[in-house]
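Okay, coords.csv now, which holds CSV, C-alpha atoms:
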chain,number,residue,atom,x,y,z
A,1,MET,CA,103.5,183.1,59.3
A,2,SER,CA,99.8,183.3,58.4
A,3,CYS,CA,97.4,181.4,60.8
A,4,VAL,CA,93.7,180.9,60.0
A,5,PHE,CA,92.8,181.0,63.7
A,6,CYS,CA,94.8,184.3,64.2
A,7,ASP,CA,93.4,185.8,61.1
A,8,SER,CA,89.7,184.8,61.5
A,9,ASP,CA,87.2,183.6,64.0
A,10,GLY,CA,87.1,180.1,62.4
A,11,GLY,CA,83.4,179.8,62.3
A,12,THR,CA,80.2,181.3,63.6
A,13,VAL,CA,81.0,182.5,67.1
A,14,LEU,CA,78.7,181.0,69.8
A,15,TRP,CA,80.7,182.3,72.8
A,16,ARG,CA,83.7,184.5,73.3
A,17,ASP,CA,85.8,185.6,76.3
A,18,ALA,CA,89.2,187.1,76.9
A,19,SER,CA,91.0,183.8,76.4
A,20,LEU,CA,89.0,181.7,74.0
A,21,ARG,CA,86.0,181.4,71.6
A,22,VAL,CA,83.5,178.7,70.8
A,23,VAL,CA,82.5,178.5,67.1
A,24,LEU,CA,80.1,176.4,65.1
A,25,ALA,CA,82.3,175.0,62.3
A,26,ASP,CA,81.1,174.4,58.7
A,27,GLU,CA,82.1,170.8,58.1
A,28,PRO,CA,80.3,169.0,55.3
A,29,GLY,CA,78.2,166.1,56.6
A,30,TYR,CA,78.8,167.1,60.3
A,31,PRO,CA,76.3,169.7,61.4
A,32,GLY,CA,76.8,170.7,65.1
A,33,PHE,CA,80.6,170.3,64.8
A,34,CYS,CA,82.0,172.9,67.2
A,35,ARG,CA,85.5,174.2,67.9
A,36,VAL,CA,86.9,175.7,71.0
A,37,ILE,CA,89.8,178.0,69.9
A,38,TRP,CA,92.4,179.6,72.2
A,39,ASN,CA,92.7,183.2,71.2
A,40,THR,CA,96.4,183.5,71.3
A,41,HIS,CA,98.8,181.6,69.0
A,42,VAL,CA,100.0,178.7,71.1
A,43,ALA,CA,101.0,175.4,69.5
A,44,GLU,CA,100.6,172.7,72.3
A,45,PHE,CA,98.1,172.1,75.1
A,46,SER,CA,101.1,171.8,77.5
A,47,ASP,CA,102.3,175.3,76.5
A,48,LEU,CA,99.4,176.7,78.4
A,49,ASP,CA,99.5,177.2,82.1
A,50,ALA,CA,97.3,175.1,84.4
A,51,PRO,CA,94.6,177.7,85.0
A,52,SER,CA,94.3,178.3,81.2
A,53,ARG,CA,94.1,174.6,80.6
A,54,ALA,CA,91.4,174.3,83.3
A,55,HIS,CA,89.3,177.1,81.7
A,56,LEU,CA,89.8,175.6,78.2
A,57,MET,CA,88.8,172.1,79.2
A,58,GLU,CA,85.8,173.2,81.3
A,59,THR,CA,84.7,175.1,78.2
A,60,VAL,CA,85.2,171.9,76.1
A,61,ALA,CA,83.1,170.0,78.6
A,62,ALA,CA,80.4,172.8,78.6
A,63,VAL,CA,80.3,172.6,74.8
A,64,GLU,CA,80.1,168.8,74.9
A,65,ARG,CA,77.1,169.1,77.2
A,66,ALA,CA,75.5,171.6,74.9
A,67,VAL,CA,76.2,169.3,71.9
A,68,ARG,CA,74.7,166.3,73.7
A,69,GLN,CA,71.6,168.2,74.7
A,70,VAL,CA,70.9,169.8,71.3
A,71,MET,CA,72.3,167.3,68.8
A,72,LYS,CA,71.5,164.1,70.6
A,73,PRO,CA,74.5,162.3,69.3
A,74,GLY,CA,75.4,158.6,70.0
A,75,LYS,CA,78.9,159.7,71.0
A,76,VAL,CA,81.0,162.8,71.2
A,77,ASN,CA,84.6,162.9,69.8
A,78,LEU,CA,87.1,165.4,71.2
A,79,ALA,CA,90.5,166.1,69.5
A,80,SER,CA,93.3,168.7,69.5
A,81,LEU,CA,95.6,167.9,66.6
A,82,GLY,CA,97.0,171.1,65.1
A,83,ASN,CA,99.3,169.4,62.5
A,84,GLN,CA,98.1,171.8,59.8
A,85,VAL,CA,97.2,174.8,62.1
A,86,PRO,CA,99.5,174.7,65.1
A,87,HIS,CA,97.2,177.0,67.2
A,88,VAL,CA,95.4,175.3,70.1
A,89,HIS,CA,91.9,174.4,69.1
A,90,TRP,CA,89.6,171.6,70.2
A,91,HIS,CA,87.2,169.8,67.9
A,92,VAL,CA,83.9,168.8,69.6
A,93,ILE,CA,82.2,166.5,67.1
A,94,PRO,CA,78.7,164.9,67.5
A,95,ARG,CA,78.8,161.3,66.1
A,96,TYR,CA,76.0,159.0,65.1
A,97,ALA,CA,75.9,155.3,64.3
A,98,ASP,CA,74.8,156.2,60.7
A,99,ASP,CA,77.2,159.1,60.0
A,100,ALA,CA,79.6,158.8,57.1
A,101,HIS,CA,82.5,157.4,59.2
A,102,PHE,CA,81.2,155.8,62.3
A,103,PRO,CA,82.7,154.0,64.2
A,104,LYS,CA,85.9,155.3,62.6
A,105,PRO,CA,87.2,158.8,63.3
A,106,ILE,CA,85.9,161.4,60.9
A,107,TRP,CA,89.3,161.6,59.2
A,108,ALA,CA,89.2,158.0,58.1
A,109,ALA,CA,87.9,156.8,54.7
A,110,PRO,CA,84.1,157.0,54.7
A,111,GLU,CA,82.1,153.9,55.6
A,112,ARG,CA,78.8,154.9,53.9
A,113,ASP,CA,76.8,157.6,52.2
A,114,VAL,CA,74.4,159.6,54.4
A,115,ALA,CA,71.0,160.6,53.2
A,116,GLU,CA,70.7,164.4,52.7
A,117,VAL,CA,67.5,164.4,54.7
A,118,ARG,CA,69.4,163.1,57.7
A,119,ILE,CA,72.1,165.8,57.5
A,120,ASN,CA,69.4,168.4,57.0
A,121,GLU,CA,67.6,167.2,60.2
A,122,ARG,CA,70.8,167.6,62.1
A,123,ALA,CA,71.6,171.0,60.6
A,124,ALA,CA,68.1,172.1,61.9
A,125,LEU,CA,69.0,170.9,65.4
A,126,SER,CA,72.2,172.8,65.3
A,127,ALA,CA,70.3,176.1,65.4
A,128,GLY,CA,69.8,175.5,69.1
A,129,LEU,CA,73.5,175.4,69.9
A,130,HIS,CA,74.1,179.1,70.5
A,131,ASP,CA,71.6,179.3,73.4
A,132,ALA,CA,72.7,175.9,74.8
A,133,VAL,CA,76.4,176.9,74.7
A,134,VAL,CA,75.7,180.3,76.4
A,135,ARG,CA,73.6,178.6,79.1
A,136,GLU,CA,76.3,176.0,79.8
A,137,MET,CA,79.1,178.6,79.8
A,138,GLN,CA,77.2,180.6,82.3
A,139,THR,CA,77.2,177.6,84.7
A,140,LEU,CA,81.0,177.5,84.9
A,141,ALA,CA,82.5,178.5,88.2
A,142,PRO,CA,84.5,181.7,88.0
A,143,THR,CA,87.6,179.8,89.3
A,144,ALA,CA,87.6,177.8,86.1
A,145,ALA,CA,88.2,180.9,84.1
A,146,GLY,CA,91.8,181.3,85.0
A,147,GLY,CA,91.1,184.6,86.6
A,148,MET,CA,89.9,186.0,83.3
A,149,GLN,CA,86.2,186.5,84.1
B,1,MET,CA,79.1,144.2,77.8
B,2,SER,CA,82.8,143.4,77.6
B,3,CYS,CA,85.2,146.4,77.5
B,4,VAL,CA,88.9,146.1,76.7
B,5,PHE,CA,89.7,149.0,79.2
B,6,CYS,CA,87.7,147.3,82.0
B,7,ASP,CA,89.2,143.9,81.2
B,8,SER,CA,92.8,144.9,80.7
B,9,ASP,CA,95.4,147.7,81.4
B,10,GLY,CA,95.4,148.5,77.7
B,11,GLY,CA,99.2,148.7,77.4
B,12,THR,CA,102.4,148.9,79.5
B,13,VAL,CA,101.5,150.8,82.6
B,14,LEU,CA,103.7,153.8,83.2
B,15,TRP,CA,101.7,155.4,86.0
B,16,ARG,CA,98.6,154.4,88.0
B,17,ASP,CA,96.6,156.0,90.7
B,18,ALA,CA,93.1,155.5,92.2
B,19,SER,CA,91.4,157.2,89.3
B,20,LEU,CA,93.4,156.6,86.1
B,21,ARG,CA,96.4,155.0,84.5
B,22,VAL,CA,98.9,156.0,81.8
B,23,VAL,CA,100.0,153.3,79.4
B,24,LEU,CA,102.4,153.0,76.6
B,25,ALA,CA,100.3,151.7,73.7
B,26,ASP,CA,101.6,149.3,71.0
B,27,GLU,CA,100.6,151.0,67.8
B,28,PRO,CA,102.5,150.0,64.7
B,29,GLY,CA,104.6,152.8,63.3
B,30,TYR,CA,103.9,155.1,66.3
B,31,PRO,CA,106.4,154.3,69.1
B,32,GLY,CA,105.8,156.6,72.1
B,33,PHE,CA,102.0,156.6,71.6
B,34,CYS,CA,100.6,156.9,75.1
B,35,ARG,CA,97.1,156.6,76.5
B,36,VAL,CA,95.5,158.0,79.7
B,37,ILE,CA,92.7,155.7,80.6
B,38,TRP,CA,90.1,156.5,83.3
B,39,ASN,CA,89.8,153.5,85.6
B,40,THR,CA,86.0,153.3,85.8
B,41,HIS,CA,83.7,152.7,82.8
B,42,VAL,CA,82.4,156.2,81.8
B,43,ALA,CA,81.6,157.0,78.2
B,44,GLU,CA,81.9,160.8,77.9
B,45,PHE,CA,84.3,163.4,79.2
B,46,SER,CA,81.3,165.5,80.4
B,47,ASP,CA,80.1,162.5,82.4
B,48,LEU,CA,83.0,163.1,84.8
B,49,ASP,CA,82.8,165.7,87.5
B,50,ALA,CA,85.0,168.8,87.3
B,51,PRO,CA,87.7,167.7,89.8
B,52,SER,CA,88.0,164.4,87.9
B,53,ARG,CA,88.3,166.2,84.6
B,54,ALA,CA,90.9,168.5,86.1
B,55,HIS,CA,93.0,165.5,87.3
B,56,LEU,CA,92.5,163.7,83.9
B,57,MET,CA,93.6,166.7,81.8
B,58,GLU,CA,96.5,167.7,84.1
B,59,THR,CA,97.6,164.1,83.6
B,60,VAL,CA,97.2,164.4,79.8
B,61,ALA,CA,99.3,167.6,79.9
B,62,ALA,CA,102.0,165.8,82.1
B,63,VAL,CA,102.1,162.9,79.6
B,64,GLU,CA,102.3,165.4,76.8
B,65,ARG,CA,105.3,167.1,78.5
B,66,ALA,CA,107.0,163.7,79.0
B,67,VAL,CA,106.4,162.8,75.3
B,68,ARG,CA,107.8,166.1,74.1
B,69,GLN,CA,110.9,165.7,76.3
B,70,VAL,CA,111.6,162.1,75.4
B,71,MET,CA,110.2,161.6,71.9
B,72,LYS,CA,111.1,165.1,70.5
B,73,PRO,CA,108.1,165.1,68.2
B,74,GLY,CA,107.2,167.9,65.8
B,75,LYS,CA,103.7,168.0,67.1
B,76,VAL,CA,101.5,166.2,69.7
B,77,ASN,CA,98.0,165.1,68.9
B,78,LEU,CA,95.4,164.6,71.7
B,79,ALA,CA,92.1,162.8,71.1
B,80,SER,CA,89.3,161.2,73.1
B,81,LEU,CA,87.0,159.4,70.6
B,82,GLY,CA,85.6,156.2,72.1
B,83,ASN,CA,83.4,155.2,69.2
B,84,GLN,CA,84.6,151.6,69.4
B,85,VAL,CA,85.4,151.6,73.2
B,86,PRO,CA,83.1,154.0,75.0
B,87,HIS,CA,85.3,154.2,78.1
B,88,VAL,CA,87.0,157.5,78.5
B,89,HIS,CA,90.6,157.3,77.3
B,90,TRP,CA,92.9,160.0,75.8
B,91,HIS,CA,95.4,159.3,73.0
B,92,VAL,CA,98.7,161.3,73.4
B,93,ILE,CA,100.4,160.8,70.0
B,94,PRO,CA,103.9,162.1,69.1
B,95,ARG,CA,103.8,163.2,65.5
B,96,TYR,CA,106.7,163.9,63.0
B,97,ALA,CA,106.8,165.5,59.6
B,98,ASP,CA,108.0,162.2,58.1
B,99,ASP,CA,105.6,159.9,59.9
B,100,ALA,CA,103.2,157.8,57.9
B,101,HIS,CA,100.3,160.2,58.0
B,102,PHE,CA,101.6,163.7,58.7
B,103,PRO,CA,100.1,166.3,58.4
B,104,LYS,CA,96.9,164.2,58.4
B,105,PRO,CA,95.5,162.5,61.5
B,106,ILE,CA,96.9,159.0,62.1
B,107,TRP,CA,93.4,157.6,61.2
B,108,ALA,CA,93.6,159.0,57.6
B,109,ALA,CA,95.0,157.1,54.7
B,110,PRO,CA,98.8,156.9,54.9
B,111,GLU,CA,100.8,159.6,53.1
B,112,ARG,CA,104.1,157.7,52.8
B,113,ASP,CA,106.1,154.7,53.9
B,114,VAL,CA,108.4,155.2,56.8
B,115,ALA,CA,111.9,153.6,57.0
B,116,GLU,CA,112.1,150.9,59.6
B,117,VAL,CA,115.3,152.5,60.9
B,118,ARG,CA,113.4,155.6,61.8
B,119,ILE,CA,110.7,153.7,63.6
B,120,ASN,CA,113.4,151.8,65.5
B,121,GLU,CA,115.1,155.0,66.5
B,122,ARG,CA,111.8,156.3,68.0
B,123,ALA,CA,111.1,152.9,69.7
B,124,ALA,CA,114.5,153.2,71.4
B,125,LEU,CA,113.6,156.7,72.6
B,126,SER,CA,110.3,155.5,74.0
B,127,ALA,CA,112.3,153.5,76.7
B,128,GLY,CA,112.7,156.8,78.5
B,129,LEU,CA,109.0,157.5,78.8
B,130,HIS,CA,108.4,155.6,82.1
B,131,ASP,CA,110.8,157.8,84.1
B,132,ALA,CA,109.7,161.0,82.4
B,133,VAL,CA,106.0,160.3,83.0
B,134,VAL,CA,106.6,159.5,86.7
B,135,ARG,CA,108.7,162.6,87.0
B,136,GLU,CA,106.0,164.8,85.4
B,137,MET,CA,103.2,163.2,87.4
B,138,GLN,CA,105.1,163.9,90.6
B,139,THR,CA,105.1,167.6,89.8
B,140,LEU,CA,101.3,167.8,89.8
B,141,ALA,CA,99.7,169.8,92.6
B,142,PRO,CA,97.7,167.6,95.0
B,143,THR,CA,94.7,169.8,94.2
B,144,ALA,CA,94.7,168.6,90.6
B,145,ALA,CA,94.2,165.0,91.8
B,146,GLY,CA,90.5,165.4,92.6
B,147,GLY,CA,91.1,164.5,96.2
B,148,MET,CA,92.4,161.1,95.3
B,149,GLN,CA,96.1,161.4,96.2
Same coordinates, now as structure tokens:
Amino acid sequence: MSCVFCDSDGGTVLWRDASLRVVLADEPGYPGFCRVIWNTHVAEFSDLDAPSRAHLMETVAAVERAVRQVMKPGKVNLASLGNQVPHVHWHVIPRYADDAHFPKPIWAAPERDVAEVRINERAALSAGLHDAVVREMQTLAPTAAGGMQ
Amino acid sequence: MSCVFCDSDGGTVLWRDASLRVVLADEPGYPGFCRVIWNTHVAEFSDLDAPSRAHLMETVAAVERAVRQVMKPGKVNLASLGNQVPHVHWHVIPRYADDAHFPKPIWAAPERDVAEVRINERAALSAGLHDAVVREMQTLAPTAAGGMQ
């Protein structure tokens, strides 16, 4: 079975280690949308062992901190769905009161159009994510890495 | 500011400790939909400290295991959104190839109608969740509890 997250990075890689990678996604209307993708093909969060989950979720939290610092969102949304790609990956999504779907999830019908200038402003901010993600990942305790650092 | 997760349990409580509770939600068409709700009013996952996040996510994994055992879903969806209720809570959602929205997220437009008999079958299964959640929570290492057990 072909899997997009086995066959490709899934975005611009911001961080990579032996067990996972952090990528900047390319989602229309949502600059700064990041994903944390487990490197091996595992379907469910509970299929991972506890140290792996700890490393994964401390990475998600680090990416969330980077997104908050750089993108200045009103809220962050986190989700691991995998219905179409059953390979563990977390969405880390900066949300704004004036984005296309707020306060609904981004998968709902749009609530409004968003001015291109606003999206461009946020796309410009997202250029700072690489450095912020690396900085936040470097603060993680080695024990959070599941013995893989 | 009034908050539904400060003012109420948010569902039928399946497990409760000093820091969080697990509830069975009442979401039409989605029997077995559980939530893990942090007890104190905190907006973002990264506002919690690392031991609290570890306890929260090991609880989410325990609830996912219980949902998989009892509800036999095709996939589990996890999400922490909080756009409308900015109080950390995780959705743990059993998904089926023939549910109303699969393979889309449950917040998308429905893909199909679901026979009431199928929903009733799943509602009957969900009666087993209380025991399964308690059993799975009792397997957690005390160190995952953030010093609160």
Legend entry - Counting all atoms listed in the file, chain A residues within 7 Å of chain B, as an MDAnalysis selection string: chainID A and resid 45:46 54 61 64:65 75:81 83:84 103 105 107:109
Legend entry - Separation of CA of Ala124 (chain A) from CA of Val22 (chain A), in Å and rounded to one decimal: 19.0 Å
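If you look at CA of Pro31 (chain B) and CA of Arg122 (chain B), they are 5.9 Å away from each other.
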Legend entry - Sel. within 12 Å of pt (76.0, 180.4, 75.8), counting all atoms listed in the file, output as a PyMOL selection string: chain A and resi 13-17+21-23+59+62-63+65-67+128-140
Legend entry - Atom pair CA of Val88 (chain B) / CA of Cys34 (chain B): separation (Å): 14.0 Å
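For Ser126 (chain B), the list of residues within 9 Å, based on all atoms listed in the file and with local chain neighbours fewer than 6 positions off taken out, reads B:Leu24, B:Pro31, B:Gly32, B:Phe33, B:Val67, B:Val70, B:Met71.
Among the candidates B:Ala100, B:Thr12, B:Ala18, B:Asp113, the one nearest to Arg35 (chain B) when counting all atoms listed in the file is B:Thr12.
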Inset, instruction - Select, counting only C-alpha atoms, all protein, DNA and RNA residues no farther than 8 Å from (87.7, 155.9, 80.8) in file coordinates, and express the selection as a ChimeraX atom specification. - result: /B:5,20,37-43,86-89
